[in-house]
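Structure file start29.txt with compact mmCIF, C-alpha atoms:
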```txt
# COMPACT_ATOMS: atom_id res chain seq x y z
CA MET N 1 77.73 179.52 195.97
CA ALA N 2 80.75 181.75 196.72
CA ILE N 3 81.49 179.74 199.86
CA PHE N 4 81.58 176.54 197.81
CA SER N 5 84.08 178.04 195.37
CA LEU N 6 86.46 178.55 198.27
CA PHE N 7 86.61 174.83 199.03
CA LEU N 8 85.44 172.97 195.90
CA PHE N 9 86.40 172.71 192.27
CA PRO N 10 83.77 173.97 189.82
CA SER N 11 81.58 171.09 188.64
CA PRO N 12 83.10 169.45 185.55
CA PRO N 13 81.05 169.81 182.34
CA SER N 14 79.65 166.30 182.62
CA LEU N 15 75.95 165.53 182.91
CA PHE N 16 76.91 162.00 184.01
CA ILE N 17 78.89 163.27 187.01
CA MET N 18 76.17 165.74 187.98
CA ALA N 19 73.39 163.13 187.77
CA LEU N 20 75.38 160.49 189.64
CA SER N 21 76.25 162.98 192.40
CA ILE N 22 72.55 163.49 193.08
CA ILE N 23 71.74 159.78 192.76
CA ILE N 24 74.53 158.72 195.15
CA LEU N 25 73.59 161.31 197.77
CA LEU N 26 69.88 160.43 197.64
CA SER N 27 70.37 156.65 197.55
CA LEU N 28 72.80 156.59 200.49
CA THR N 29 70.63 158.96 202.51
CA ILE N 30 67.53 156.84 201.87
CA SER N 31 69.49 153.71 202.81
CA GLY N 32 70.48 155.36 206.09
CA TYR N 33 66.86 156.26 206.77
CA THR N 34 65.66 152.71 206.10
CA GLU N 35 68.45 151.28 208.28
CA MET N 36 67.37 153.55 211.11
CA ASN N 37 63.75 152.48 210.71
CA GLY N 38 64.22 148.74 210.90
CA LYS N 39 65.05 147.62 207.35
CA GLN N 40 68.71 146.74 207.57
CA LYS N 41 70.99 145.37 204.88
CA GLN N 42 71.20 141.65 205.49
CA TYR N 43 74.72 141.06 206.70
CA ALA N 44 76.60 140.65 209.98
CA LYS N 45 74.38 140.65 213.08
CA PHE N 46 71.30 141.68 211.09
CA PHE N 47 71.27 138.63 208.82
CA ASP N 48 69.89 136.31 211.47
CA THR N 49 67.44 138.94 212.64
CA ILE N 50 65.51 139.26 209.39
CA SER N 51 66.49 136.28 207.25
CA SER N 52 63.80 134.16 205.64
CA LYS N 53 63.78 130.71 204.06
CA LYS N 54 64.26 132.31 200.65
CA GLU N 55 67.31 134.21 201.91
CA GLU N 56 68.74 131.06 203.52
CA ASN N 57 69.14 129.68 199.99
CA ASN N 58 70.65 132.92 198.74
CA LYS N 59 73.50 133.54 201.13
CA LEU N 60 77.27 133.83 201.27
CA LEU N 61 79.72 133.37 204.09
CA SER N 62 80.33 136.83 205.54
CA ARG N 63 84.03 136.71 204.63
CA ASN N 64 83.25 136.00 200.98
CA GLY N 65 80.57 138.67 200.92
CA MET N 66 82.95 141.27 202.33
CA LEU N 67 85.47 140.43 199.62
CA VAL N 68 82.71 141.11 197.08
CA PHE N 69 82.26 144.50 198.80
CA TYR N 70 85.83 145.67 198.40
CA THR N 71 87.73 143.76 195.69
CA PRO N 72 86.10 145.37 192.61
CA SER N 73 86.82 148.87 193.97
CA PHE N 74 90.44 147.90 194.66
CA ILE N 75 90.79 146.68 191.06
CA VAL N 76 89.28 149.95 189.78
CA CYS N 77 91.86 151.91 191.79
CA LEU N 78 94.74 149.85 190.41
CA ALA N 79 93.41 150.25 186.87
CA ALA N 80 93.13 154.03 187.28
CA LEU N 81 96.72 154.26 188.54
CA THR N 82 98.02 152.43 185.49
CA ILE N 83 95.67 153.55 182.70
CA LEU N 84 94.75 157.23 183.16
CA PRO N 85 97.30 159.53 181.44
CA HIS N 86 98.51 162.98 182.49
CA GLN N 87 97.53 162.89 186.14
CA ASP N 88 98.30 165.82 188.44
CA LEU N 89 99.29 165.47 192.11
CA ARG N 90 95.75 165.71 193.48
CA VAL N 91 94.45 162.97 191.14
CA ILE N 92 97.33 160.70 192.13
CA MET N 93 96.72 161.37 195.83
CA VAL N 94 93.02 160.49 195.51
CA GLU N 95 93.86 157.28 193.65
CA TYR N 96 96.48 156.23 196.20
CA VAL N 97 94.39 156.89 199.30
CA LEU N 98 91.42 155.02 197.82
CA THR N 99 93.72 152.15 196.83
CA LEU N 100 95.15 152.04 200.36
CA HIS N 101 91.67 152.15 201.89
CA PHE N 102 90.34 149.18 199.91
CA PHE N 103 93.59 147.21 200.19
CA LYS N 104 93.43 147.63 203.97
CA ARG N 105 89.80 146.48 204.02
CA ILE N 106 90.66 143.35 202.00
CA LEU N 107 93.56 142.53 204.35
CA GLU N 108 91.29 143.00 207.37
CA VAL N 109 88.70 140.66 205.85
CA LEU N 110 91.37 138.02 205.22
CA PHE N 111 93.45 138.31 208.39
CA VAL N 112 91.78 140.43 211.11
CA HIS N 113 88.01 139.98 211.25
CA LYS N 114 86.50 136.91 212.90
CA PHE N 115 83.30 136.06 211.07
CA SER N 116 80.44 133.97 212.40
CA GLY N 117 77.56 134.45 210.00
CA PHE N 118 76.29 135.03 206.52
CA MET N 119 74.94 137.71 204.22
CA THR N 120 72.59 137.57 201.27
CA VAL N 121 74.03 137.52 197.78
CA ASP N 122 71.81 140.51 196.99
CA ALA N 123 73.34 142.58 199.79
CA ALA N 124 76.90 141.65 198.75
CA ILE N 125 76.31 142.57 195.11
CA THR N 126 74.39 145.77 195.86
CA ILE N 127 77.03 147.11 198.24
CA GLY N 128 79.91 145.94 196.04
CA VAL N 129 78.46 147.65 192.94
CA SER N 130 77.74 150.84 194.92
CA TYR N 131 81.34 151.02 196.19
CA CYS N 132 82.75 150.24 192.75
CA VAL N 133 80.65 152.81 190.85
CA SER N 134 81.28 155.46 193.51
CA THR N 135 85.03 154.82 193.51
CA ALA N 136 85.31 154.91 189.72
CA THR N 137 83.23 158.09 189.53
CA MET N 138 85.23 159.75 192.31
CA ILE N 139 88.44 159.15 190.37
CA TYR N 140 86.88 160.17 187.04
CA ALA N 141 85.47 163.41 188.51
CA GLN N 142 88.91 164.17 189.93
CA TYR N 143 90.55 163.48 186.58
CA LEU N 144 88.16 165.89 184.82
CA SER N 145 88.69 168.56 187.49
CA GLN N 146 92.43 168.88 186.96
CA GLU N 147 91.75 171.22 184.03
CA LEU N 148 89.50 173.44 186.15
CA PRO N 149 90.48 176.33 188.48
CA GLU N 150 91.75 175.14 191.85
CA PRO N 151 89.70 175.94 194.98
CA SER N 152 90.84 179.07 196.79
CA VAL N 153 91.57 177.03 199.93
CA ASP N 154 93.83 174.04 199.27
CA LEU N 155 92.97 171.22 201.71
CA LYS N 156 94.76 168.27 200.15
CA TYR N 157 97.56 168.03 202.73
CA VAL N 158 95.14 168.57 205.60
CA GLY N 159 93.03 165.84 204.01
CA LEU N 160 95.98 163.46 203.90
CA VAL N 161 96.51 163.87 207.65
CA VAL N 162 92.78 163.41 208.35
CA PHE N 163 92.70 160.33 206.10
CA LEU N 164 95.64 158.73 207.94
CA ILE N 165 93.99 159.42 211.32
CA GLY N 166 90.76 157.87 210.05
CA ILE N 167 92.28 154.76 208.53
CA THR N 168 94.47 154.16 211.60
CA GLY N 169 91.56 154.61 214.02
CA ASN N 170 89.36 152.37 211.89
CA PHE N 171 91.96 149.59 211.92
CA TYR N 172 92.54 149.93 215.67
CA HIS N 173 88.86 149.52 216.46
CA HIS N 174 88.50 146.63 214.03
CA TYR N 175 91.39 145.01 215.90
CA ILE N 176 89.55 145.52 219.20
CA LEU N 177 86.45 143.87 217.72
CA SER N 178 88.46 140.92 216.43
CA ASN N 179 89.93 140.30 219.90
CA LEU N 180 86.49 140.00 221.48
CA ARG N 181 86.19 136.46 220.15
CA LYS N 182 88.42 133.51 220.82
CA ARG N 183 88.91 130.82 218.20
CA GLY N 184 85.59 129.11 217.46
CA ASP N 185 83.58 131.67 219.45
CA LYS N 186 80.56 132.96 217.50
CA GLU N 187 78.79 134.98 220.19
CA TYR N 188 78.61 138.77 220.05
CA LYS N 189 80.04 140.72 222.99
CA ILE N 190 79.88 144.37 224.00
CA PRO N 191 83.10 146.01 222.74
CA LYS N 192 85.23 147.97 225.19
CA GLY N 193 88.30 150.13 224.82
CA GLY N 194 89.17 153.10 222.62
CA LEU N 195 86.11 155.07 221.53
CA PHE N 196 83.92 152.01 222.17
CA ASP N 197 83.62 153.38 225.71
CA LEU N 198 81.70 156.33 224.22
CA ILE N 199 80.11 155.02 220.99
CA ILE N 200 79.12 151.52 219.91
CA CYS N 201 80.25 152.05 216.30
CA ALA N 202 83.69 153.55 216.78
CA HIS N 203 84.87 151.81 213.59
CA TYR N 204 82.12 153.64 211.65
CA PHE N 205 83.15 156.95 213.22
CA PHE N 206 86.68 156.53 211.90
CA GLU N 207 85.40 155.38 208.50
CA VAL N 208 83.59 158.73 208.32
CA VAL N 209 86.85 160.48 209.29
CA THR N 210 88.61 158.53 206.53
CA PHE N 211 86.21 159.74 203.86
CA ILE N 212 86.27 163.30 205.17
CA GLY N 213 90.01 163.07 204.58
CA VAL N 214 89.39 161.85 201.02
CA LEU N 215 86.96 164.74 200.51
CA CYS N 216 89.55 167.28 201.67
CA ILE N 217 92.12 165.82 199.26
CA SER N 218 89.62 165.69 196.40
CA GLN N 219 87.57 168.88 196.92
CA THR N 220 85.06 167.86 194.21
CA THR N 221 81.27 168.06 194.35
CA PHE N 222 80.90 164.33 193.69
CA THR N 223 83.16 163.39 196.61
CA LEU N 224 81.21 165.82 198.81
CA CYS N 225 77.93 164.11 197.85
CA PHE N 226 79.41 160.65 198.42
CA THR N 227 80.84 161.64 201.81
CA LEU N 228 77.58 163.22 202.99
CA GLY N 229 75.66 160.15 201.83
CA THR N 230 78.11 157.86 203.63
CA ILE N 231 77.67 159.87 206.85
CA PHE N 232 73.87 159.56 206.66
CA LEU N 233 74.11 155.83 205.85
CA LEU N 234 76.46 155.06 208.74
CA MET N 235 74.38 157.15 211.14
CA GLY N 236 71.38 154.98 210.27
CA ARG N 237 73.36 151.74 210.50
CA SER N 238 74.95 152.74 213.81
CA HIS N 239 71.55 153.69 215.29
CA ALA N 240 70.22 150.25 214.33
CA THR N 241 73.35 148.62 215.78
CA ARG N 242 72.89 150.43 219.11
CA GLU N 243 69.25 149.33 219.26
CA TRP N 244 70.35 145.74 218.54
CA TYR N 245 72.84 145.80 221.44
CA ILE N 246 70.20 147.21 223.79
CA SER N 247 67.71 144.49 222.80
CA LYS N 248 70.31 141.72 223.12
CA PHE N 249 72.14 142.77 226.30
CA GLY N 250 69.51 144.81 228.14
CA GLU N 251 70.81 146.32 231.37
CA LYS N 252 74.35 145.11 230.63
CA PHE N 253 74.58 147.72 227.86
CA ARG N 254 75.40 151.19 229.17
CA LYS N 255 72.73 153.62 228.03
CA ASP N 256 75.18 156.54 227.92
CA ILE N 257 77.04 154.89 225.04
CA LYS N 258 75.92 156.63 221.86
CA ALA N 259 75.75 155.25 218.32
CA ILE N 260 78.45 157.07 216.30
CA ILE N 261 79.00 160.62 217.61
CA PRO N 262 80.36 160.81 221.18
CA TYR N 263 77.89 162.38 223.64
CA LEU N 264 75.48 163.42 220.86
CA PHE N 265 74.12 160.59 218.68
```

Would you write the structure of this file as structure tokens?
Amino acid sequence: MAIFSLFLFPSPPSLFIMALSIIILLSLTISGYTEMNGKQKQYAKFFDTISSKKEENNKLLSRNGMLVFYTPSFIVCLAALTILPHQDLRVIMVEYVLTLHFFKRILEVLFVHKFSGFMTVDAAITIGVSYCVSTATMIYAQYLSQELPEPSVDLKYVGLVVFLIGITGNFYHHYILSNLRKRGDKEYKIPKGGLFDLIICAHYFFEVVTFIGVLCISQTTFTLCFTLGTIFLLMGRSHATREWYISKFGEKFRKDIKAIIPYLF
């Protein structure tokens, strides 16, 4: 426990925060496990793979579904910036980086990504609610922690640098993906350039870097649980994505390209 006190705030005296930390970590980890074992959330390339007649009548355009993912969390961030009183620097930093993250994602959905498919309403709502609850709780846990003793090692400025690297790398690789398709083209292609030459989910890798940056700014137990859960989830999703590319492209897909961690996984 002493090692944790070096890098994390003490847990705030809130049973709600403690319970939700455990729930978020377990639910995201289980989701990553199910993704890895063939039960993927029904959006993007996996919608067509496992959709049924029932799901065909319960679907959204991918662009609209992605807006459901991110817009509620963006609104929560804006509300926190304007409503919560007496915020210290670390609380404000957490609120601003989360606001920037979700604002960027909304802009990418509207102006960068080229969509070709659908997702189920259930998937859009489930993911949107998960993001929203996690974002609100992250901010609330940070707000409660400002009255607690600071961690011995202050990582907030390191975290800001890591966050900016992550969000920039994530945008760059989303831009590469968007340029794979010409207007009206709906076929998937093998991405190339940047870290796509080493891992098939380079955008996921930088999303992990982004949330590690948020964790370093925050230094709360809840943000640690959320970040670990996100890592496990994206590892599962990236493994499934790599298997999908192998099944679709066969020998055209280089087998030395890993899922999300260069040279390792």

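In this structure, atom CA of N:Val91 sits 18.2 Å away from atom CA of N:Ser21.
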
Contacts of stretch 95-138 of chain N with stretch 224-248 of chain N up to 12 Å, shortest pair per row, all atoms listed in the file, as JSON lines:
```
{"residue": "N:Ile127", "atom": "CA", "partner": "N:Leu233", "partner_atom": "CA", "distance": 11.9}
{"residue": "N:Ser130", "atom": "CA", "partner": "N:Phe226", "partner_atom": "CA", "distance": 10.5}
{"residue": "N:Tyr131", "atom": "CA", "partner": "N:Phe226", "partner_atom": "CA", "distance": 10.1}
{"residue": "N:Val133", "atom": "CA", "partner": "N:Phe226", "partner_atom": "CA", "distance": 11.0}
{"residue": "N:Ser134", "atom": "CA", "partner": "N:Phe226", "partner_atom": "CA", "distance": 7.4}
{"residue": "N:Thr135", "atom": "CA", "partner": "N:Phe226", "partner_atom": "CA", "distance": 9.5}
{"residue": "N:Ala136", "atom": "CA", "partner": "N:Phe226", "partner_atom": "CA", "distance": 12.0}
{"residue": "N:Thr137", "atom": "CA", "partner": "N:Phe226", "partner_atom": "CA", "distance": 10.0}
{"residue": "N:Met138", "atom": "CA", "partner": "N:Phe226", "partner_atom": "CA", "distance": 8.5}
```

* Provide the atom CA of N:His173 to atom CA of N:His203 distance in Å, to one decimal place. =>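 Interatomic distance, atom CA of N:His173 to atom CA of N:His203: 5.4 Å.
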
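Between atom CA of N:Leu98 and atom CA of N:Cys77 the separation is 6.8 Å.
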
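Considering the residues N:Ile125, N:Leu215, N:Leu148, N:Ile165 and counting all atoms listed in the file, N:Ser11 has its shortest atom-to-atom contact with N:Leu148.
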
* Proximity to N:Ser116 - best of N:Ala80, N:Ala44, N:Ile30, N:Leu67, all atoms listed in the file ->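 Between N:Ala80, N:Ala44, N:Ile30, N:Leu67, the residue approaching N:Ser116 most closely is N:Ala44.
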
* Leaving out N:Asp256 and any residue of its chain fewer than 3 positions from it, which residues lie within 12 Å of it when counting only C-alpha atoms, given as number ranges by chain? -> N: 196-200, 242, 246, 251-253, 259, 261-265

* **Sphere at (84.4, 172.9, 200.1), radius 10 Å, counting all atoms listed in the file: residues as a PyMOL selection string** => chain N and resi 3-9+151-155+215-216+218-221+224

* Structure fact -> One residue among N:Phe222, N:Tyr140, N:Phe115, N:Phe16 is nearest to N:Arg183 when using all atoms listed in the file, and that residue is N:Phe115

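Residue nearest N:Leu61, chosen from N:Phe74, N:Ile24, N:Leu15, N:Phe118 and counting all atoms listed in the file: N:Phe118.
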
* Residue with smallest distance to N:Gly193 - pool N:His174, N:Lys114, N:Lys104, N:Lys39, counting only C-alpha atoms -> N:His174

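The shell of residues at most 6 Å from N:Ser73, with all atoms listed in the file counted and near chain neighbours (fewer than 3 positions) removed, consists of Tyr70, Val76 and Cys132 of chain N.
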
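The list of residues with at least one atom within 10 Å of N:Leu81, based on only C-alpha atoms and without residues fewer than 6 positions apart in the same chain, reads Ile75, Gln87, Val91, Ile92, Glu95, Tyr96, Thr99 and Ile139 of chain N.
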
Next, dump the selected residues to file, keeping only C-alpha atoms, as a compact mmCIF listing (two decimals), in the coordinates of the input.
```
# COMPACT_ATOMS: atom_id res chain seq x y z
CA ILE N 75 90.79 146.68 191.06
CA GLN N 87 97.53 162.89 186.14
CA VAL N 91 94.45 162.97 191.14
CA ILE N 92 97.33 160.70 192.13
CA GLU N 95 93.86 157.28 193.65
CA TYR N 96 96.48 156.23 196.20
CA THR N 99 93.72 152.15 196.83
CA ILE N 139 88.44 159.15 190.37
```

Listed atoms of stretch 183-193 of chain N, axis-aligned box, 6 Å per side: centre and edge lengths to one decimal in Å, as lines of an AutoDock Vina configuration file?
```
center_x = 83.8
center_y = 139.6
center_z = 221.3
size_x = 22.3
size_y = 33.0
size_z = 19.7
```

* Asked: Pick the closest to N:Gln142 from N:Thr29, N:Thr223, N:Thr120, N:Thr71: which is it, counting all atoms listed in the file?
  -> N:Thr223

* To do: May I have the protein, DNA and RNA residues with an atom at most 6 Å from (94.4, 165.0, 200.3), counting all atoms listed in the file in the file's coordinates, returned as number ranges by chain?
  => N: 156-157, 159-160, 214, 216-217
